[in-house]
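Student: Just one file: run_34.pdb, with PDB, C-alpha atoms, pLDDT in the B column.
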```
ATOM      1  CA  MET A  13     215.166  57.343  81.988  1.00 45.00           C
ATOM      2  CA  LYS A  14     214.510  54.537  84.477  1.00 48.00           C
ATOM      3  CA  LYS A  15     217.253  55.869  86.774  1.00 41.00           C
ATOM      4  CA  TYR A  16     215.601  59.295  86.798  1.00 41.00           C
ATOM      5  CA  LEU A  17     212.204  57.728  87.475  1.00 48.00           C
ATOM      6  CA  ILE A  18     213.562  55.935  90.565  1.00 45.00           C
ATOM      7  CA  LEU A  19     215.275  59.071  91.851  1.00 42.00           C
ATOM      8  CA  PHE A  20     212.271  61.258  91.150  1.00 45.00           C
ATOM      9  CA  LEU A  21     209.862  58.902  92.871  1.00 51.00           C
ATOM     10  CA  ALA A  22     212.267  58.556  95.784  1.00 48.00           C
ATOM     11  CA  THR A  23     211.954  62.312  96.246  1.00 43.00           C
ATOM     12  CA  ILE A  24     208.166  62.220  96.007  1.00 48.00           C
ATOM     13  CA  PHE A  25     207.832  59.507  98.613  1.00 49.00           C
ATOM     14  CA  SER A  26     210.445  61.118 100.902  1.00 48.00           C
ATOM     15  CA  PHE A  27     212.771  58.174 101.069  1.00 45.00           C
ATOM     16  CA  SER A  28     215.798  58.431 103.306  1.00 46.00           C
ATOM     17  CA  ALA A  29     219.165  58.559 101.587  1.00 47.00           C
ATOM     18  CA  SER A  30     220.254  55.088 102.746  1.00 52.00           C
ATOM     19  CA  ALA A  31     220.511  52.405 100.086  1.00 55.00           C
ATOM     20  CA  ALA A  32     218.283  50.071 102.123  1.00 59.00           C
ATOM     21  CA  ASN A  33     215.382  52.475 101.698  1.00 75.00           C
ATOM     22  CA  MET A  34     215.942  53.209  98.023  1.00 87.00           C
ATOM     23  CA  PRO A  35     213.417  51.675  95.653  1.00 90.00           C
ATOM     24  CA  GLN A  36     214.304  48.284  94.240  1.00 92.00           C
ATOM     25  CA  GLU A  37     212.960  47.419  90.837  1.00 95.00           C
ATOM     26  CA  ILE A  38     210.664  44.402  90.819  1.00 95.00           C
ATOM     27  CA  GLY A  39     210.455  44.402  87.037  1.00 95.00           C
ATOM     28  CA  GLU A  40     209.541  46.184  83.822  1.00 97.00           C
ATOM     29  CA  TYR A  41     206.218  45.274  82.260  1.00 97.00           C
ATOM     30  CA  GLY A  42     205.547  46.946  78.940  1.00 96.00           C
ATOM     31  CA  ASP A  43     205.296  50.666  79.657  1.00 97.00           C
ATOM     32  CA  TRP A  44     205.080  50.250  83.456  1.00 98.00           C
ATOM     33  CA  THR A  45     207.765  49.495  86.025  1.00 97.00           C
ATOM     34  CA  ALA A  46     207.114  47.988  89.466  1.00 97.00           C
ATOM     35  CA  TYR A  47     209.173  48.851  92.562  1.00 96.00           C
ATOM     36  CA  SER A  48     209.328  48.152  96.274  1.00 94.00           C
ATOM     37  CA  TYR A  49     211.114  49.742  99.223  1.00 94.00           C
ATOM     38  CA  GLN A  50     211.254  49.581 102.997  1.00 92.00           C
ATOM     39  CA  GLU A  51     209.687  52.422 104.961  1.00 89.00           C
ATOM     40  CA  GLY A  52     211.010  51.682 108.406  1.00 88.00           C
ATOM     41  CA  LYS A  53     209.927  48.073 108.978  1.00 90.00           C
ATOM     42  CA  ASN A  54     207.117  48.289 106.454  1.00 92.00           C
ATOM     43  CA  LEU A  55     207.227  47.222 102.821  1.00 94.00           C
ATOM     44  CA  VAL A  56     205.773  49.606 100.231  1.00 95.00           C
ATOM     45  CA  CYS A  57     205.167  48.633  96.596  1.00 96.00           C
ATOM     46  CA  TYR A  58     204.366  50.886  93.700  1.00 97.00           C
ATOM     47  CA  MET A  59     204.288  50.973  89.931  1.00 97.00           C
ATOM     48  CA  ALA A  60     204.827  53.946  87.681  1.00 97.00           C
ATOM     49  CA  SER A  61     204.802  55.104  84.097  1.00 97.00           C
ATOM     50  CA  THR A  62     205.489  58.251  82.108  1.00 96.00           C
ATOM     51  CA  PRO A  63     203.175  59.524  79.379  1.00 96.00           C
ATOM     52  CA  LYS A  64     203.753  58.616  75.746  1.00 96.00           C
ATOM     53  CA  ARG A  65     202.562  62.088  74.778  1.00 94.00           C
ATOM     54  CA  ASP A  66     202.187  65.310  76.761  1.00 91.00           C
ATOM     55  CA  GLU A  67     200.306  68.214  75.217  1.00 88.00           C
ATOM     56  CA  GLY A  68     199.817  71.825  76.239  1.00 81.00           C
ATOM     57  CA  ASN A  69     201.001  75.315  75.465  1.00 83.00           C
ATOM     58  CA  TYR A  70     203.676  75.549  78.163  1.00 79.00           C
ATOM     59  CA  LYS A  71     207.288  76.689  78.127  1.00 78.00           C
ATOM     60  CA  LYS A  72     208.621  74.556  80.961  1.00 80.00           C
ATOM     61  CA  ARG A  73     207.295  71.469  82.665  1.00 85.00           C
ATOM     62  CA  GLY A  74     208.837  69.033  85.131  1.00 90.00           C
ATOM     63  CA  ASP A  75     208.596  65.258  85.270  1.00 92.00           C
ATOM     64  CA  ILE A  76     205.199  63.663  84.645  1.00 95.00           C
ATOM     65  CA  TYR A  77     204.113  60.317  86.165  1.00 95.00           C
ATOM     66  CA  ALA A  78     201.204  58.058  86.965  1.00 97.00           C
ATOM     67  CA  VAL A  79     201.700  55.950  90.107  1.00 97.00           C
ATOM     68  CA  VAL A  80     199.772  53.185  91.902  1.00 97.00           C
ATOM     69  CA  THR A  81     200.889  52.440  95.478  1.00 96.00           C
ATOM     70  CA  HIS A  82     200.291  49.677  98.058  1.00 96.00           C
ATOM     71  CA  ARG A  83     201.131  50.177 101.755  1.00 95.00           C
ATOM     72  CA  PRO A  84     200.039  46.897 103.373  1.00 94.00           C
ATOM     73  CA  ALA A  85     201.022  47.937 106.913  1.00 92.00           C
ATOM     74  CA  ASP A  86     198.526  50.797 106.613  1.00 92.00           C
ATOM     75  CA  LYS A  87     195.969  48.577 104.840  1.00 92.00           C
ATOM     76  CA  SER A  88     196.223  51.018 101.937  1.00 92.00           C
ATOM     77  CA  PHE A  89     196.038  49.552  98.440  1.00 94.00           C
ATOM     78  CA  ASN A  90     195.469  50.874  94.915  1.00 95.00           C
ATOM     79  CA  VAL A  91     196.248  54.509  95.718  1.00 96.00           C
ATOM     80  CA  VAL A  92     196.427  56.269  92.344  1.00 96.00           C
ATOM     81  CA  ASN A  93     198.440  59.469  92.028  1.00 96.00           C
ATOM     82  CA  PHE A  94     199.214  61.653  89.027  1.00 97.00           C
ATOM     83  CA  VAL A  95     202.214  63.986  89.074  1.00 95.00           C
ATOM     84  CA  ALA A  96     201.763  66.829  86.572  1.00 93.00           C
ATOM     85  CA  GLY A  97     205.212  68.388  86.360  1.00 92.00           C
ATOM     86  CA  TYR A  98     203.675  71.741  87.389  1.00 92.00           C
ATOM     87  CA  ASN A  99     201.454  72.975  90.215  1.00 93.00           C
ATOM     88  CA  TYR A 100     197.786  72.609  89.462  1.00 93.00           C
ATOM     89  CA  LYS A 101     195.422  75.563  89.651  1.00 93.00           C
ATOM     90  CA  ASP A 102     193.939  75.863  93.152  1.00 90.00           C
ATOM     91  CA  ASN A 103     190.666  73.981  93.592  1.00 86.00           C
ATOM     92  CA  SER A 104     190.888  72.544  90.082  1.00 89.00           C
ATOM     93  CA  LYS A 105     189.799  69.065  89.091  1.00 89.00           C
ATOM     94  CA  VAL A 106     191.678  66.576  86.956  1.00 94.00           C
ATOM     95  CA  VAL A 107     189.865  64.418  84.420  1.00 96.00           C
ATOM     96  CA  VAL A 108     191.080  60.893  83.643  1.00 97.00           C
ATOM     97  CA  LYS A 109     189.688  59.038  80.632  1.00 97.00           C
ATOM     98  CA  ILE A 110     190.179  55.345  80.010  1.00 97.00           C
ATOM     99  CA  GLY A 111     188.261  54.040  77.026  1.00 93.00           C
ATOM    100  CA  THR A 112     184.667  55.219  77.465  1.00 93.00           C
ATOM    101  CA  THR A 113     185.052  55.666  81.231  1.00 95.00           C
ATOM    102  CA  SER A 114     185.732  59.126  82.674  1.00 96.00           C
ATOM    103  CA  PHE A 115     186.801  60.068  86.185  1.00 96.00           C
ATOM    104  CA  ASN A 116     186.251  63.782  86.624  1.00 92.00           C
ATOM    105  CA  ASN A 117     186.425  64.159  90.366  1.00 89.00           C
ATOM    106  CA  LEU A 118     190.155  63.915  91.089  1.00 94.00           C
ATOM    107  CA  PHE A 119     191.342  66.679  93.399  1.00 93.00           C
ATOM    108  CA  THR A 120     194.668  68.465  93.274  1.00 94.00           C
ATOM    109  CA  ASN A 121     197.319  69.458  95.769  1.00 93.00           C
ATOM    110  CA  GLY A 122     200.443  71.149  94.431  1.00 93.00           C
ATOM    111  CA  ASP A 123     201.607  69.105  91.451  1.00 94.00           C
ATOM    112  CA  ASN A 124     199.645  65.991  92.461  1.00 95.00           C
ATOM    113  CA  ALA A 125     196.150  64.752  91.642  1.00 96.00           C
ATOM    114  CA  TRP A 126     194.395  62.123  93.755  1.00 95.00           C
ATOM    115  CA  ALA A 127     191.127  60.220  93.738  1.00 94.00           C
ATOM    116  CA  PRO A 128     188.701  61.453  96.411  1.00 93.00           C
ATOM    117  CA  ASP A 129     188.232  58.030  98.019  1.00 94.00           C
ATOM    118  CA  ASN A 130     189.257  54.358  98.051  1.00 94.00           C
ATOM    119  CA  GLN A 131     186.309  53.341  95.876  1.00 96.00           C
ATOM    120  CA  THR A 132     187.398  55.688  93.073  1.00 96.00           C
ATOM    121  CA  ASP A 133     190.989  54.420  93.371  1.00 97.00           C
ATOM    122  CA  LYS A 134     189.717  50.869  92.987  1.00 96.00           C
ATOM    123  CA  LYS A 135     187.587  51.776  89.960  1.00 96.00           C
ATOM    124  CA  LEU A 136     190.525  53.614  88.373  1.00 97.00           C
ATOM    125  CA  VAL A 137     192.751  50.552  88.761  1.00 97.00           C
ATOM    126  CA  GLU A 138     190.059  48.273  87.340  1.00 97.00           C
ATOM    127  CA  ALA A 139     189.636  50.560  84.317  1.00 97.00           C
ATOM    128  CA  MET A 140     193.416  50.750  83.859  1.00 97.00           C
ATOM    129  CA  GLN A 141     193.574  46.949  83.794  1.00 97.00           C
ATOM    130  CA  ARG A 142     190.947  46.798  81.029  1.00 96.00           C
ATOM    131  CA  GLY A 143     192.152  49.786  79.027  1.00 96.00           C
ATOM    132  CA  GLU A 144     194.739  50.346  76.327  1.00 96.00           C
ATOM    133  CA  LYS A 145     195.437  54.018  76.944  1.00 97.00           C
ATOM    134  CA  MET A 146     194.631  56.678  79.508  1.00 98.00           C
ATOM    135  CA  THR A 147     194.479  60.457  79.214  1.00 97.00           C
ATOM    136  CA  VAL A 148     194.920  62.849  82.119  1.00 97.00           C
ATOM    137  CA  GLU A 149     193.726  66.430  81.644  1.00 96.00           C
ATOM    138  CA  GLY A 150     194.518  69.243  84.045  1.00 94.00           C
ATOM    139  CA  VAL A 151     195.037  72.983  84.359  1.00 93.00           C
ATOM    140  CA  SER A 152     198.198  74.586  85.722  1.00 91.00           C
ATOM    141  CA  PHE A 153     198.219  77.399  88.275  1.00 91.00           C
ATOM    142  CA  ARG A 154     198.849  79.718  85.302  1.00 89.00           C
ATOM    143  CA  GLY A 155     195.762  78.455  83.497  1.00 89.00           C
ATOM    144  CA  THR A 156     197.563  76.246  80.971  1.00 89.00           C
ATOM    145  CA  LYS A 157     195.521  73.213  79.951  1.00 92.00           C
ATOM    146  CA  THR A 158     197.441  69.960  79.535  1.00 93.00           C
ATOM    147  CA  LYS A 159     196.619  66.511  78.273  1.00 95.00           C
ATOM    148  CA  ASP A 160     198.920  63.561  78.986  1.00 96.00           C
ATOM    149  CA  THR A 161     198.409  60.239  77.223  1.00 97.00           C
ATOM    150  CA  TYR A 162     199.668  57.055  78.913  1.00 98.00           C
ATOM    151  CA  SER A 163     199.957  53.591  77.478  1.00 97.00           C
ATOM    152  CA  LEU A 164     198.421  50.917  79.692  1.00 98.00           C
ATOM    153  CA  LYS A 165     200.497  48.183  78.031  1.00 98.00           C
ATOM    154  CA  GLY A 166     201.950  46.096  80.850  1.00 97.00           C
ATOM    155  CA  PHE A 167     199.768  47.690  83.534  1.00 98.00           C
ATOM    156  CA  THR A 168     198.123  44.425  84.587  1.00 97.00           C
ATOM    157  CA  ASN A 169     201.420  42.541  84.856  1.00 98.00           C
ATOM    158  CA  ALA A 170     203.037  45.348  86.862  1.00 98.00           C
ATOM    159  CA  TYR A 171     199.952  45.405  89.089  1.00 97.00           C
ATOM    160  CA  ARG A 172     200.213  41.658  89.651  1.00 96.00           C
ATOM    161  CA  ALA A 173     203.882  42.112  90.549  1.00 97.00           C
ATOM    162  CA  ILE A 174     203.200  44.709  93.249  1.00 96.00           C
ATOM    163  CA  ASN A 175     200.296  42.616  94.557  1.00 95.00           C
ATOM    164  CA  ALA A 176     202.574  39.575  94.836  1.00 95.00           C
ATOM    165  CA  LYS A 177     205.406  41.525  96.473  1.00 94.00           C
ATOM    166  CA  CYS A 178     203.117  43.289  98.948  1.00 92.00           C
ATOM    167  CA  ARG A 179     200.911  40.222  99.396  1.00 80.00           C
ATOM    168  CA  SER A 180     197.726  41.929  98.279  1.00 54.00           C
ATOM    169  CA  LYS A 181     194.704  39.982  97.126  1.00 50.00           C
ATOM    170  CA  ARG A 182     193.273  43.188  95.623  1.00 48.00           C
TER     171      ARG A 182
END
```
Let me see the structure of the file written as structure tokens.
Tutor:
Amino acid sequence: MKKYLILFLATIFSFSASAANMPQEIGEYGDWTAYSYQEGKNLVCYMASTPKRDEGNYKKRGDIYAVVTHRPADKSFNVVNFVAGYNYKDNSKVVVKIGTTSFNNLFTNGDNAWAPDNQTDKKLVEAMQRGEKMTVEGVSFRGTKTKDTYSLKGFTNAYRAINAKCRSKR
């Protein structure tokens, strides 16, 4: 599973085929794994997890992930991305629930959902650090509703690991 996660995320982030640019595992932390890789001369760190449960009335669905990325050279930290394993319905919104906190303004592009701004990314990460589980609800381009449930066990330790590797004080 971990091997497929690395290869899948390598495809998402458009890594070159050279081994030097392939993600290197920093460590596994509960249900989250932290990675780093070189993008040219710049270090990029990210952490990812797969859902514990994925629900919906669908016949076929690709890989599903939640990712948090730091790109220090771009001064970009805490970028949260959800990969649905299908293309979202055009102009649809994704709802993320962590405990009693809801984020219902994530926008979609293809099979990805993103927060609309840095402030929302930061709030998502803060909620993920405090939470035990997270649900992500979306609608496919065919109108299929899905609900993915992630464990947040190990999130904080994986987050600390990418902060340390990418020298973030965030």
Student: Name the residues in contact with stretch 142-148 of chain A at a cut-off of 8 Å, using only C-alpha atoms, excluding same-chain residues fewer than 2 positions from it; report them as a PyMOL selection string.
Tutor: chain A and resi 106-111+138-140+150+158-165
Student: From the list A:Ser48, A:Asn121, A:Asn103, A:Gln131, which residue is nearest A:Thr81 when using all atoms listed in the file?
Tutor: A:Ser48
Student: Tell me, in Å to one decimal, how far atom CA of A:Gly122 is from atom CA of A:Lys105.
Tutor: 12.1 Å
Student: Apply the PyMOL selection byres ((chain A and resi 55-66) around 7) to the structure shown and report the selected residues as a list of chain:residue names.
Tutor: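 When the PyMOL selection byres ((chain A and resi 55-66) around 7) is applied, the selected residues are A:Asp43, A:Trp44, A:Thr45, A:Ala46, A:Tyr47, A:Ser48, A:Tyr49, A:Gln50, A:Glu51, A:Lys53, A:Asn54, A:Glu67, A:Gly68, A:Ile76, A:Tyr77, A:Ala78, A:Val79, A:Val80, A:Thr81, A:His82, A:Arg83, A:Lys159, A:Asp160, A:Thr161, A:Tyr162, A:Ser163, A:Ala170, A:Ile174, A:Cys178.
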Student: Quick one: apply the PyMOL selection byres ((chain A and resi 117) around 10) to the file and drop the selected residues here as a list in words.
Tutor: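 Matching residues under the PyMOL selection byres ((chain A and resi 117) around 10) are Ser104, Lys105, Val106, Val107, Val108, Ser114, Phe115, Asn116, Leu118, Phe119, Thr120, Ala125, Trp126, Ala127, Pro128, Asp129 and Thr132 of chain A.
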Student: Mind pulling up the distance from atom CA of A:Asn90 to atom CA of A:Ser152?
Tutor: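 Interatomic distance, atom CA of A:Ser152 to atom CA of A:Asn90: 25.6 Å.
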Student: To one decimal place, how far is atom CA of A:Asn124 from atom CA of A:Asn175 in Å?
Tutor: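 Interatomic distance here is 23.5 Å.
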Student: Restricting the calculation to all atoms listed in the file, which member of A:Gly166, A:Gly42, A:Gly155, A:Pro84 is positioned closest to A:Tyr98?
Tutor: A:Gly155
Student: Go through A:Thr112, A:Ala85, A:Arg73, A:Lys177 one by one, measure the shortest atom-to-atom distance of each to A:Gly52 using all atoms listed in the file, and give the residue with the smallest value.
Tutor: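 Once distances to A:Gly52 are computed over all atoms listed in the file, the minimum belongs to A:Ala85.
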